[in-house]
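Before any comments, here is the structure.
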Amino acid sequence: MSVDPAPTLPDDCAVSHKRQSDINQRFGRAVRRRRREMDLSQEELAERAELHRTYVSSIERGERNPSLDNIEKLAKALDTSIAGLFTDYGIEVEGEPESRS
């Protein structure tokens with residue numbers, strides 16, 4: 001009886017995972033940039049957003065994929081809109097066409 005090797009992800013899944021990681025990194029940089037602009041510590045931001053400090057830290061490092069609810073909490077705590085975080089703080093990638101579905 002032969003055993004199949006471990007399944008591999010199709011190339012498009014690997015690309016999708018890389019893109020997800022990339023957006024998490026960019027979102028984290030935007031949150032950090034706005035937080036520093038407001039002269040807030042991670043702890044102060046976490047308190048304002050009603051999130052844990054270590055969670056905010058991991059978002060800023062791009063290690064988390066925050067829910068829309070948490071993105072909204074962060075935007076409010078940073079006195080901006082969700083759209084503002086994405087447009088004003090460099091989340092969008094230049095050269096990528098906007099998808100309109």
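Just remember, in the structure tokens the first chain shown is A, the second B, etc., residues are 1-based per chain, and ligands are 1-based in the order shown.
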Counting only C-alpha atoms, what is within 7 Å of segment 20-31 of chain A, bar same-chain residues fewer than 4 positions away, as JSON, numbers by chain? {"A": [16, 35, 59, 60, 61, 62, 63, 64, 65, 85, 89, 90, 91]}
Near Asp79 of chain A, counting only C-alpha atoms, which residues have an atom at most 12 Å away, once you skip same-chain residues fewer than 4 positions from it, shown as a list in words? Val31, Arg34, Arg35, Glu37, Met38, Leu40, Leu45, Arg48, Ala49, Glu72, Lys73, Leu74, Ala75, Ala83, Gly84 and Leu85 of chain A
Store the residues picked out above, limited to C-alpha atoms, as an mmCIF file, in the first residue's frame.
```cif
data_model
loop_
_atom_site.group_PDB
_atom_site.id
_atom_site.type_symbol
_atom_site.label_atom_id
_atom_site.label_comp_id
_atom_site.auth_asym_id
_atom_site.auth_seq_id
_atom_site.Cartn_x
_atom_site.Cartn_y
_atom_site.Cartn_z
ATOM 1 C CA VAL A 31 -2.574 51.518 12.038
ATOM 2 C CA ARG A 34 -1.895 56.770 12.456
ATOM 3 C CA ARG A 35 -1.344 55.753 16.102
ATOM 4 C CA GLU A 37 0.613 60.487 14.398
ATOM 5 C CA MET A 38 -1.824 60.761 17.323
ATOM 6 C CA LEU A 40 -0.731 57.134 21.334
ATOM 7 C CA LEU A 45 -5.009 52.607 21.375
ATOM 8 C CA ARG A 48 -9.751 53.231 23.164
ATOM 9 C CA ALA A 49 -10.634 50.410 20.758
ATOM 10 C CA GLU A 72 -14.075 49.537 12.663
ATOM 11 C CA LYS A 73 -13.091 49.730 16.358
ATOM 12 C CA LEU A 74 -9.534 50.648 15.410
ATOM 13 C CA ALA A 75 -10.654 53.282 12.900
ATOM 14 C CA ALA A 83 -11.887 54.204 4.215
ATOM 15 C CA GLY A 84 -9.498 56.785 5.649
ATOM 16 C CA LEU A 85 -7.210 54.083 6.996
#
```
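With atom CA of Ala77 of chain A on one side and atom CA of Arg19 of chain A on the other, the separation reads 26.4 Å.
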